[in-house]
file work01.cif (mmCIF, C-alpha atoms)
data_my_file
loop_
_atom_site.group_PDB
_atom_site.id
_atom_site.type_symbol
_atom_site.label_atom_id
_atom_site.label_comp_id
_atom_site.auth_asym_id
_atom_site.auth_seq_id
_atom_site.Cartn_x
_atom_site.Cartn_y
_atom_site.Cartn_z
ATOM 1 C CA MET A 149 104.492 136.770 174.007
ATOM 2 C CA LYS A 150 103.536 135.875 170.457
ATOM 3 C CA ILE A 151 100.899 133.331 169.493
ATOM 4 C CA SER A 152 99.204 132.373 166.240
ATOM 5 C CA VAL A 153 95.485 133.138 165.815
ATOM 6 C CA ASN A 154 94.003 131.792 162.585
ATOM 7 C CA GLY A 155 97.442 131.932 161.020
ATOM 8 C CA ASP A 156 98.216 135.517 162.069
ATOM 9 C CA ASN A 157 100.865 136.335 164.648
ATOM 10 C CA ARG A 158 99.505 138.330 167.583
ATOM 11 C CA GLU A 159 101.086 139.494 170.808
ATOM 12 C CA TYR A 160 99.495 139.100 174.239
ATOM 13 C CA GLY A 161 100.698 139.518 177.798
ATOM 14 C CA GLU A 162 101.413 136.906 180.423
ATOM 15 C CA ASN A 163 98.395 135.259 182.100
ATOM 16 C CA THR A 164 96.170 135.957 179.094
ATOM 17 C CA THR A 165 93.317 133.466 178.827
ATOM 18 C CA VAL A 166 91.515 132.216 175.760
ATOM 19 C CA ALA A 167 88.462 134.162 176.959
ATOM 20 C CA ASP A 168 90.574 137.345 176.942
ATOM 21 C CA ILE A 169 91.513 136.689 173.316
ATOM 22 C CA VAL A 170 87.902 135.999 172.365
ATOM 23 C CA SER A 171 86.946 139.335 173.928
ATOM 24 C CA ASP A 172 89.808 141.150 172.169
ATOM 25 C CA LEU A 173 88.544 139.826 168.838
ATOM 26 C CA ASP A 174 84.943 140.982 169.561
ATOM 27 C CA LEU A 175 83.722 137.373 169.510
ATOM 28 C CA THR A 176 82.267 137.196 173.034
ATOM 29 C CA GLY A 177 78.779 135.724 172.966
ATOM 30 C CA LYS A 178 79.091 134.516 169.375
ATOM 31 C CA ARG A 179 78.793 130.863 168.393
ATOM 32 C CA ILE A 180 82.375 129.794 167.705
ATOM 33 C CA ALA A 181 84.605 126.742 168.147
ATOM 34 C CA ILE A 182 88.269 126.843 169.111
ATOM 35 C CA GLU A 183 91.234 124.559 168.632
ATOM 36 C CA LEU A 184 94.227 125.104 170.917
ATOM 37 C CA ASN A 185 97.332 123.522 169.424
ATOM 38 C CA LYS A 186 95.092 121.287 167.251
ATOM 39 C CA GLU A 187 93.041 120.085 170.230
ATOM 40 C CA ILE A 188 89.391 121.095 170.681
ATOM 41 C CA LEU A 189 88.992 123.447 173.643
ATOM 42 C CA PRO A 190 85.542 123.162 175.281
ATOM 43 C CA PHE A 191 83.658 126.428 175.726
ATOM 44 C CA ASN A 192 83.564 126.087 179.522
ATOM 45 C CA GLN A 193 87.387 126.111 179.637
ATOM 46 C CA TYR A 194 87.929 129.440 177.806
ATOM 47 C CA ALA A 195 88.093 131.489 181.005
ATOM 48 C CA GLU A 196 90.508 129.128 182.735
ATOM 49 C CA GLN A 197 92.816 128.211 179.865
ATOM 50 C CA LYS A 198 95.922 130.425 179.828
ATOM 51 C CA ILE A 199 97.975 130.736 176.681
ATOM 52 C CA SER A 200 101.695 130.217 176.349
ATOM 53 C CA ALA A 201 104.265 131.573 173.916
ATOM 54 C CA ASN A 202 103.970 130.050 170.425
ATOM 55 C CA ASP A 203 100.526 128.587 171.078
ATOM 56 C CA SER A 204 98.304 128.217 168.027
ATOM 57 C CA LEU A 205 94.582 129.029 168.093
ATOM 58 C CA GLU A 206 92.116 128.248 165.322
ATOM 59 C CA ILE A 207 88.743 129.972 165.733
ATOM 60 C CA VAL A 208 85.912 128.977 163.398
ATOM 61 C CA GLN A 209 82.283 129.885 162.836
ATOM 62 C CA ALA A 210 79.563 128.731 160.479
ATOM 63 C CA ILE A 211 78.956 130.769 157.303
ATOM 64 C CA GLY A 212 76.638 130.352 154.387
ATOM 65 C CA GLY A 213 78.188 128.965 151.233
ATOM 66 C CA GLY A 214 79.561 131.677 148.969
ATOM 67 C CA GLN A 215 79.081 134.430 151.550
ATOM 68 C CA ASP A 216 82.720 135.489 151.763
ATOM 69 C CA ASP A 217 82.810 139.183 150.855
ATOM 70 C CA SER A 218 86.468 139.968 151.348
ATOM 71 C CA PHE A 219 88.509 141.960 148.862
ATOM 72 C CA THR A 220 92.097 141.581 147.721
ATOM 73 C CA LEU A 221 94.712 144.306 147.730
ATOM 74 C CA ALA A 222 98.246 143.665 146.497
ATOM 75 C CA GLY A 223 97.693 139.942 146.963
ATOM 76 C CA GLN A 224 96.438 140.244 150.547
ATOM 77 C CA THR A 225 92.847 139.538 151.575
ATOM 78 C CA PHE A 226 90.942 141.933 153.826
ATOM 79 C CA ASN A 227 87.521 141.559 155.411
ATOM 80 C CA SER A 228 87.019 145.157 156.537
ATOM 81 C CA ARG A 229 86.332 147.654 153.776
ATOM 82 C CA LEU A 230 86.872 150.619 156.097
ATOM 83 C CA LEU A 231 90.398 152.066 156.151
ATOM 84 C CA VAL A 232 91.225 154.706 158.741
ATOM 85 C CA GLY A 233 93.853 157.324 159.473
ATOM 86 C CA THR A 234 95.533 158.271 162.727
ATOM 87 C CA GLY A 235 95.676 162.076 162.698
ATOM 88 C CA LYS A 236 93.703 164.731 164.613
ATOM 89 C CA TYR A 237 92.781 162.646 167.665
ATOM 90 C CA LYS A 238 93.191 164.248 171.090
ATOM 91 C CA ASP A 239 95.560 161.540 172.322
ATOM 92 C CA MET A 240 96.895 158.066 171.634
ATOM 93 C CA LYS A 241 94.198 156.385 173.732
ATOM 94 C CA GLU A 242 91.401 157.928 171.696
ATOM 95 C CA THR A 243 93.256 156.912 168.530
ATOM 96 C CA GLN A 244 93.430 153.320 169.711
ATOM 97 C CA LEU A 245 89.793 153.121 170.814
ATOM 98 C CA ALA A 246 88.463 154.667 167.611
ATOM 99 C CA ILE A 247 90.484 152.350 165.395
ATOM 100 C CA GLU A 248 89.322 149.328 167.369
ATOM 101 C CA ALA A 249 85.689 150.469 167.123
ATOM 102 C CA SER A 250 86.033 150.928 163.365
ATOM 103 C CA GLY A 251 87.019 147.322 162.808
ATOM 104 C CA ALA A 252 89.601 148.518 160.269
ATOM 105 C CA GLU A 253 92.413 146.213 159.231
ATOM 106 C CA ILE A 254 94.376 148.836 157.247
ATOM 107 C CA VAL A 255 95.557 151.941 159.096
ATOM 108 C CA THR A 256 97.336 154.782 157.362
ATOM 109 C CA VAL A 257 100.097 156.809 159.007
ATOM 110 C CA ALA A 258 101.982 159.916 157.985
ATOM 111 C CA ILE A 259 105.775 159.795 157.987
ATOM 112 C CA ARG A 260 107.125 162.702 160.032
ATOM 113 C CA ARG A 261 110.224 163.390 162.099
ATOM 114 C CA THR A 262 108.100 163.634 165.261
ATOM 115 C CA ASN A 263 105.030 161.594 164.299
ATOM 116 C CA ILE A 264 106.004 158.107 165.425
ATOM 117 C CA GLY A 265 107.748 158.719 168.717
ATOM 118 C CA GLN A 266 111.322 159.526 167.769
ATOM 119 C CA ASN A 267 111.669 162.062 170.615
ATOM 120 C CA PRO A 268 112.579 160.709 174.066
ATOM 121 C CA GLY A 269 109.445 160.085 176.121
ATOM 122 C CA GLU A 270 107.046 160.649 173.221
ATOM 123 C CA PRO A 271 104.474 157.866 172.796
ATOM 124 C CA ASN A 272 105.140 155.545 169.895
ATOM 125 C CA LEU A 273 102.228 155.318 167.477
ATOM 126 C CA LEU A 274 103.294 151.893 166.257
ATOM 127 C CA GLU A 275 102.943 150.560 169.795
ATOM 128 C CA VAL A 276 99.288 151.651 169.775
ATOM 129 C CA ILE A 277 98.585 150.303 166.281
ATOM 130 C CA SER A 278 100.948 147.363 166.141
ATOM 131 C CA PRO A 279 102.026 146.111 162.694
ATOM 132 C CA ASP A 280 101.378 142.636 164.107
ATOM 133 C CA LYS A 281 97.662 143.463 164.320
ATOM 134 C CA TYR A 282 97.124 145.970 161.495
ATOM 135 C CA THR A 283 98.399 146.484 157.975
ATOM 136 C CA ILE A 284 100.201 149.806 158.264
ATOM 137 C CA LEU A 285 99.842 152.053 155.234
ATOM 138 C CA PRO A 286 102.495 154.808 155.083
ATOM 139 C CA ASN A 287 101.213 157.829 153.185
ATOM 140 C CA THR A 288 102.802 160.863 151.564
ATOM 141 C CA ALA A 289 100.465 163.424 153.136
ATOM 142 C CA GLY A 290 101.920 166.911 152.888
ATOM 143 C CA CYS A 291 104.039 166.193 149.814
ATOM 144 C CA TYR A 292 103.847 168.721 146.975
ATOM 145 C CA SER A 293 106.417 167.291 144.580
ATOM 146 C CA VAL A 294 107.502 164.001 143.088
ATOM 147 C CA GLU A 295 110.810 164.125 144.963
ATOM 148 C CA GLU A 296 109.128 164.634 148.336
ATOM 149 C CA ALA A 297 106.721 161.758 147.699
ATOM 150 C CA LEU A 298 109.447 159.344 146.616
ATOM 151 C CA ARG A 299 111.656 160.157 149.589
ATOM 152 C CA THR A 300 108.741 159.712 151.987
ATOM 153 C CA CYS A 301 107.759 156.325 150.551
ATOM 154 C CA ARG A 302 111.312 155.063 150.713
ATOM 155 C CA LEU A 303 111.682 156.192 154.314
ATOM 156 C CA GLY A 304 108.368 154.523 155.148
ATOM 157 C CA ARG A 305 109.574 151.287 153.598
ATOM 158 C CA GLU A 306 112.729 151.435 155.695
ATOM 159 C CA LEU A 307 110.779 152.310 158.847
ATOM 160 C CA LEU A 308 108.501 149.297 158.447
ATOM 161 C CA GLY A 309 111.179 146.809 157.465
ATOM 162 C CA GLY A 310 110.717 146.564 153.737
ATOM 163 C CA HIS A 311 106.963 147.192 153.649
ATOM 164 C CA LYS A 312 105.898 147.733 150.020
ATOM 165 C CA LEU A 313 102.298 148.958 150.352
ATOM 166 C CA VAL A 314 102.055 152.764 150.337
ATOM 167 C CA LYS A 315 99.448 155.429 149.798
ATOM 168 C CA LEU A 316 100.620 158.055 147.332
ATOM 169 C CA GLU A 317 99.322 161.596 147.276
ATOM 170 C CA VAL A 318 101.031 164.551 145.621
ATOM 171 C CA LEU A 319 99.157 167.743 146.447
ATOM 172 C CA ALA A 320 98.765 170.806 144.241
ATOM 173 C CA ASP A 321 98.214 173.575 146.823
ATOM 174 C CA GLN A 322 97.614 174.085 150.520
ATOM 175 C CA LYS A 323 94.173 175.696 150.222
ATOM 176 C CA THR A 324 92.309 172.954 148.355
ATOM 177 C CA LEU A 325 94.629 169.991 148.956
ATOM 178 C CA PHE A 326 93.554 168.761 145.547
ATOM 179 C CA PRO A 327 95.913 166.273 143.913
ATOM 180 C CA ASP A 328 98.433 167.427 141.333
ATOM 181 C CA VAL A 329 97.521 164.760 138.812
ATOM 182 C CA ALA A 330 100.497 165.368 136.493
ATOM 183 C CA GLU A 331 102.984 164.987 139.361
ATOM 184 C CA THR A 332 101.010 162.052 140.767
ATOM 185 C CA LEU A 333 101.323 160.150 137.479
ATOM 186 C CA ILE A 334 105.100 160.669 137.443
ATOM 187 C CA ALA A 335 105.501 159.641 141.097
ATOM 188 C CA ALA A 336 103.266 156.585 140.688
ATOM 189 C CA GLU A 337 105.250 155.324 137.726
ATOM 190 C CA ALA A 338 108.548 155.762 139.594
ATOM 191 C CA LEU A 339 107.258 153.961 142.690
ATOM 192 C CA VAL A 340 105.845 151.041 140.715
ATOM 193 C CA LYS A 341 109.204 150.642 138.968
ATOM 194 C CA ASP A 342 110.855 150.700 142.398
ATOM 195 C CA GLY A 343 108.783 147.718 143.527
ATOM 196 C CA PHE A 344 106.135 149.498 145.618
ATOM 197 C CA ASP A 345 102.477 148.482 145.770
ATOM 198 C CA VAL A 346 100.873 151.874 145.222
ATOM 199 C CA MET A 347 97.444 152.972 146.386
ATOM 200 C CA VAL A 348 96.992 156.377 144.822
ATOM 201 C CA TYR A 349 94.907 159.423 145.762
ATOM 202 C CA THR A 350 93.541 161.326 142.794
ATOM 203 C CA ASN A 351 90.604 163.479 141.747
ATOM 204 C CA ASP A 352 87.309 162.042 140.519
ATOM 205 C CA ASP A 353 88.386 162.083 136.875
ATOM 206 C CA PRO A 354 87.749 158.712 135.189
ATOM 207 C CA ILE A 355 90.535 159.329 132.643
ATOM 208 C CA ALA A 356 93.166 160.027 135.303
ATOM 209 C CA ALA A 357 91.975 157.045 137.337
ATOM 210 C CA LYS A 358 92.361 154.700 134.375
ATOM 211 C CA ARG A 359 95.854 156.016 133.579
ATOM 212 C CA LEU A 360 96.952 155.385 137.161
ATOM 213 C CA GLU A 361 95.600 151.848 136.942
ATOM 214 C CA ASP A 362 97.439 151.314 133.652
ATOM 215 C CA ILE A 363 100.699 152.449 135.282
ATOM 216 C CA GLY A 364 100.346 149.568 137.719
ATOM 217 C CA CYS A 365 98.797 151.045 140.878
ATOM 218 C CA VAL A 366 97.154 148.333 142.987
ATOM 219 C CA ALA A 367 94.246 150.608 143.976
ATOM 220 C CA VAL A 368 92.932 153.978 142.835
ATOM 221 C CA MET A 369 91.450 156.338 145.437
ATOM 222 C CA PRO A 370 89.373 159.188 143.989
ATOM 223 C CA LEU A 371 88.316 161.951 146.343
ATOM 224 C CA ALA A 372 84.686 162.395 147.349
ATOM 225 C CA ALA A 373 85.300 166.053 148.219
ATOM 226 C CA PRO A 374 88.285 168.113 149.454
ATOM 227 C CA ILE A 375 90.337 166.518 152.230
ATOM 228 C CA GLY A 376 88.839 167.198 155.656
ATOM 229 C CA SER A 377 85.793 169.012 154.252
ATOM 230 C CA GLY A 378 83.133 166.491 155.291
ATOM 231 C CA LEU A 379 81.050 167.464 152.257
ATOM 232 C CA GLY A 380 80.370 163.895 151.187
ATOM 233 C CA ILE A 381 80.409 162.565 147.630
ATOM 234 C CA ARG A 382 79.982 165.599 145.369
ATOM 235 C CA ASN A 383 80.002 163.740 142.055
ATOM 236 C CA PRO A 384 78.668 160.203 142.426
ATOM 237 C CA TYR A 385 78.371 159.757 138.675
ATOM 238 C CA ASN A 386 82.110 160.186 138.156
ATOM 239 C CA ILE A 387 82.818 157.743 140.981
ATOM 240 C CA LEU A 388 80.402 155.274 139.385
ATOM 241 C CA THR A 389 82.138 155.641 136.013
ATOM 242 C CA ILE A 390 85.530 155.043 137.618
ATOM 243 C CA VAL A 391 84.250 151.893 139.342
ATOM 244 C CA GLU A 392 82.626 150.541 136.179
ATOM 245 C CA ASN A 393 85.830 150.953 134.136
ATOM 246 C CA ALA A 394 88.284 149.652 136.740
ATOM 247 C CA ASN A 395 90.107 146.343 137.046
ATOM 248 C CA VAL A 396 91.626 147.246 140.426
ATOM 249 C CA PRO A 397 89.916 148.154 143.714
ATOM 250 C CA ILE A 398 88.461 151.675 143.813
ATOM 251 C CA LEU A 399 88.332 153.226 147.284
ATOM 252 C CA VAL A 400 86.842 156.626 148.033
ATOM 253 C CA ASP A 401 89.357 158.800 149.845
ATOM 254 C CA ALA A 402 88.764 162.240 151.386
ATOM 255 C CA GLY A 403 85.646 164.290 151.988
ATOM 256 C CA VAL A 404 83.446 161.767 153.806
ATOM 257 C CA GLY A 405 81.545 163.397 156.677
ATOM 258 C CA THR A 406 79.175 160.842 158.141
ATOM 259 C CA ALA A 407 78.008 157.253 157.864
ATOM 260 C CA SER A 408 75.559 157.904 155.020
ATOM 261 C CA ASP A 409 78.447 159.189 152.889
ATOM 262 C CA ALA A 410 80.311 155.937 153.482
ATOM 263 C CA ALA A 411 77.192 153.926 152.676
ATOM 264 C CA LEU A 412 76.730 155.811 149.391
ATOM 265 C CA ALA A 413 80.316 155.074 148.354
ATOM 266 C CA MET A 414 79.707 151.388 148.923
ATOM 267 C CA GLU A 415 76.352 151.480 147.106
ATOM 268 C CA LEU A 416 78.221 152.825 144.069
ATOM 269 C CA GLY A 417 80.332 149.666 144.071
ATOM 270 C CA CYS A 418 83.522 150.970 145.663
ATOM 271 C CA ALA A 419 85.744 148.363 147.285
ATOM 272 C CA GLY A 420 86.177 150.485 150.389
ATOM 273 C CA VAL A 421 86.507 153.924 151.948
ATOM 274 C CA LEU A 422 89.461 155.586 153.648
ATOM 275 C CA MET A 423 88.726 158.308 156.185
ATOM 276 C CA ASN A 424 90.294 160.168 159.073
ATOM 277 C CA THR A 425 88.761 163.577 159.861
ATOM 278 C CA ALA A 426 85.180 162.284 159.676
ATOM 279 C CA ILE A 427 85.931 160.100 162.687
ATOM 280 C CA ALA A 428 88.573 162.118 164.546
ATOM 281 C CA ALA A 429 86.684 165.438 164.327
ATOM 282 C CA ALA A 430 83.360 164.005 165.511
ATOM 283 C CA LYS A 431 82.122 164.967 168.972
ATOM 284 C CA ASP A 432 82.429 161.296 169.915
ATOM 285 C CA PRO A 433 85.099 159.754 167.655
ATOM 286 C CA VAL A 434 84.739 156.249 169.043
ATOM 287 C CA LEU A 435 80.975 156.210 168.476
ATOM 288 C CA MET A 436 81.433 157.694 165.000
ATOM 289 C CA ALA A 437 83.976 154.997 164.178
ATOM 290 C CA SER A 438 81.374 152.401 165.080
ATOM 291 C CA ALA A 439 78.781 154.210 162.943
ATOM 292 C CA MET A 440 81.156 154.285 159.976
ATOM 293 C CA LYS A 441 81.741 150.553 160.306
ATOM 294 C CA LYS A 442 77.996 149.946 160.137
ATOM 295 C CA GLY A 443 77.567 152.415 157.264
ATOM 296 C CA ILE A 444 80.175 150.573 155.224
ATOM 297 C CA GLN A 445 78.498 147.246 155.927
ATOM 298 C CA ALA A 446 74.992 148.518 155.112
ATOM 299 C CA GLY A 447 76.122 150.164 151.879
ATOM 300 C CA ARG A 448 77.943 147.043 150.748
ATOM 301 C CA GLU A 449 74.935 144.841 151.459
ATOM 302 C CA ALA A 450 72.666 147.239 149.560
ATOM 303 C CA TYR A 451 75.043 147.135 146.589
ATOM 304 C CA LEU A 452 75.073 143.335 146.592
ATOM 305 C CA ALA A 453 71.294 143.197 147.001
ATOM 306 C CA GLY A 454 70.704 145.459 143.998
ATOM 307 C CA ARG A 455 68.450 148.446 144.557
ATOM 308 C CA MET A 456 65.006 148.751 142.969
ATOM 309 C CA PRO A 457 64.831 150.836 139.793
ATOM 310 C CA LYS A 458 63.924 154.489 140.195
ATOM 311 C CA LYS A 459 60.541 155.479 138.800
ATOM 312 C CA ARG A 460 59.000 158.825 138.014
ATOM 313 C CA PHE A 461 55.534 157.967 139.358
ATOM 314 C CA ALA A 462 54.117 155.950 142.229
ATOM 315 C CA SER A 463 53.777 152.186 142.155
ATOM 316 C CA ALA A 464 51.389 150.649 144.690
ATOM 317 C CA SER A 465 53.032 148.170 147.035
ATOM 318 C CA SER A 466 49.688 146.543 147.903
ATOM 319 C CA PRO A 467 47.662 144.646 145.241
ATOM 320 C CA VAL A 468 44.613 146.408 143.814
ATOM 321 C CA ASP A 469 42.794 143.148 142.975
ATOM 322 C CA GLY A 470 40.108 142.135 145.460
ATOM 323 C CA LEU A 471 39.341 145.600 146.833
ATOM 324 C CA PHE A 472 35.989 145.539 148.659
ATOM 325 C CA PHE A 473 34.894 149.043 147.628
#
call {"tool": "encode", "arguments": {"input": "work01.cif", "output": "structure tokens"}}
result
Amino acid sequence: MKISVNGDNREYGENTTVADIVSDLDLTGKRIAIELNKEILPFNQYAEQKISANDSLEIVQAIGGGQDDSFTLAGQTFNSRLLVGTGKYKDMKETQLAIEASGAEIVTVAIRRTNIGQNPGEPNLLEVISPDKYTILPNTAGCYSVEEALRTCRLGRELLGGHKLVKLEVLADQKTLFPDVAETLIAAEALVKDGFDVMVYTNDDPIAAKRLEDIGCVAVMPLAAPIGSGLGIRNPYNILTIVENANVPILVDAGVGTASDAALAMELGCAGVLMNTAIAAAKDPVLMASAMKKGIQAGREAYLAGRMPKKRFASASSPVDGLFF
């Protein structure tokens, strides 16, 4: 049955209690207040109160003034700056657990004939990552031409009922999986004209990034390193230049290997990071997903705090006045 939670439609099973929903939202033990159908629900009734179809829950907490650190993408606000993929996991259960541990709100999926459960008896990916809970981001992974990318985006839009947000990548070759920037520019322009909201994968070239923004892409996603390499950010100065010159969100895409890589991307001022292999190929993907979530948060806080200037020589942290020797 469907209910409304803070204005979002969510689906829960029969006999679900308010406490179950609080647990599902990772809010257990946190100081919150809840309205059920515009009536205050006392804390001691959470475990007993069952929900019904079309119920409306409002869950609030106290925050400091001006502390909202969400970002906007194609007119939609997101609180998590970690975006994750769905490939390379051992099974659907691991996929689900890792995505939940990541705290991601945007999940990217490849469009394939056998990827989303079209065969009889094959699990359906969109049942594991429901569009009611996540923003699904169809991508053009594996496309090596403008035509392939356009067809894939249009099929993704049809699959998701008119969904306009897509991740565009047009690859140059199978060995490096670097983007074909010339083809990417052509495909991006065609998709924007066709009404898509385009998040675009490109190399770490500030000129190419700016041209893609000028075309009308809603986000530009320069690579940190080759897809699936885990090498981390190879050229932070180019990423920094792209961020400084941009008027749209810049999200690092591809090449992240561990949480410190994600933190560095955020310290450079990126709006977010998209990753798949770094989580799925870890020995413990669920634990790595949790680590990536924390890395993103730590890097963002460090960026907002403003790091100390780098100095060539030492600077004593303790005062020298008043020494007794």
call {"tool": "residues_around", "arguments": {"input": "work01.cif", "residues": "Asp203 (chain A)", "least_positions_apart": "2", "cutoff": "7 Å", "atoms": "all atoms listed in the file", "output": "count of residues only"}}
result
7
call {"tool": "resolve_selection", "arguments": {"input": "work01.cif", "expression": "the PyMOL selection byres ((chain A and resi 187) around 12)", "output": "list in words"}}
result
Ala181, Ile182, Glu183, Leu184, Asn185, Lys186, Ile188, Leu189, Pro190, Asp203, Ser204, Leu205, Glu206 and Ile207 of chain A
call {"tool": "write_last_selection", "arguments": {"input": "work01.cif", "atoms": "C-alpha atoms", "output": "mmCIF file, keeping the file's coordinate frame"}}
result
data_model
loop_
_atom_site.group_PDB
_atom_site.id
_atom_site.type_symbol
_atom_site.label_atom_id
_atom_site.label_comp_id
_atom_site.auth_asym_id
_atom_site.auth_seq_id
_atom_site.Cartn_x
_atom_site.Cartn_y
_atom_site.Cartn_z
ATOM 1 C CA ALA A 181 84.605 126.742 168.147
ATOM 2 C CA ILE A 182 88.269 126.843 169.111
ATOM 3 C CA GLU A 183 91.234 124.559 168.632
ATOM 4 C CA LEU A 184 94.227 125.104 170.917
ATOM 5 C CA ASN A 185 97.332 123.522 169.424
ATOM 6 C CA LYS A 186 95.092 121.287 167.251
ATOM 7 C CA ILE A 188 89.391 121.095 170.681
ATOM 8 C CA LEU A 189 88.992 123.447 173.643
ATOM 9 C CA PRO A 190 85.542 123.162 175.281
ATOM 10 C CA ASP A 203 100.526 128.587 171.078
ATOM 11 C CA SER A 204 98.304 128.217 168.027
ATOM 12 C CA LEU A 205 94.582 129.029 168.093
ATOM 13 C CA GLU A 206 92.116 128.248 165.322
ATOM 14 C CA ILE A 207 88.743 129.972 165.733
#
call {"tool": "residues_around", "arguments": {"input": "work01.cif", "residues": "region 410-412 of chain A", "least_positions_apart": "4", "cutoff": "10 Å", "atoms": "all atoms listed in the file", "output": "JSON, numbers by chain"}}
result
{"A": [230, 372, 380, 381, 384, 400, 404, 405, 406, 416, 417, 418, 420, 421, 422, 423, 439, 440, 441, 442, 443, 444, 445, 446, 447, 448, 449, 450, 451]}
call {"tool": "axis_aligned_box", "arguments": {"input": "work01.cif", "around": "region 165-170 of chain A", "padding_each_side": "5 Å", "output": "lines of an AutoDock Vina configuration file"}}
result
center_x = 90.6
center_y = 134.8
center_z = 175.6
size_x = 15.4
size_y = 15.1
size_z = 16.5
call {"tool": "closest_residue", "arguments": {"input": "work01.cif", "among": "A:Thr176, A:Thr243, A:Thr283, A:Asn383", "to": "Leu221 (chain A)", "atoms": "all atoms listed in the file"}}
result
A:Thr283
call {"tool": "resolve_selection", "arguments": {"input": "work01.cif", "expression": "the PyMOL selection byres ((chain A and resi 390) around 12)", "output": "PyMOL selection string"}}
result
chain A and resi 350-361+367-371+383-389+391-400+413+416-419
call {"tool": "residues_around", "arguments": {"input": "work01.cif", "residues": "Val255 (chain A)", "least_positions_apart": "6", "cutoff": "12 Å", "atoms": "all atoms listed in the file", "output": "VMD selection string"}}
result
chain A and resid 228 to 235 243 to 244 246 to 248 273 to 274 276 to 279 281 to 287 313 to 315 421 to 424
call {"tool": "closest_residue", "arguments": {"input": "work01.cif", "among": "A:Ser250, A:Leu303, A:Met347, A:Met240", "to": "Glu275 (chain A)", "atoms": "all atoms listed in the file"}}
result
A:Met240
call {"tool": "resolve_selection", "arguments": {"input": "work01.cif", "expression": "the PyMOL selection byres ((chain A and resi 179) around 12)", "output": "number ranges by chain"}}
result
A: 170, 174-178, 180-182, 191, 207-211
call {"tool": "closest_residue", "arguments": {"input": "work01.cif", "among": "A:Arg302, A:Lys458, A:Lys323, A:Lys341", "to": "Ile375 (chain A)", "atoms": "only C-alpha atoms"}}
result
A:Lys323
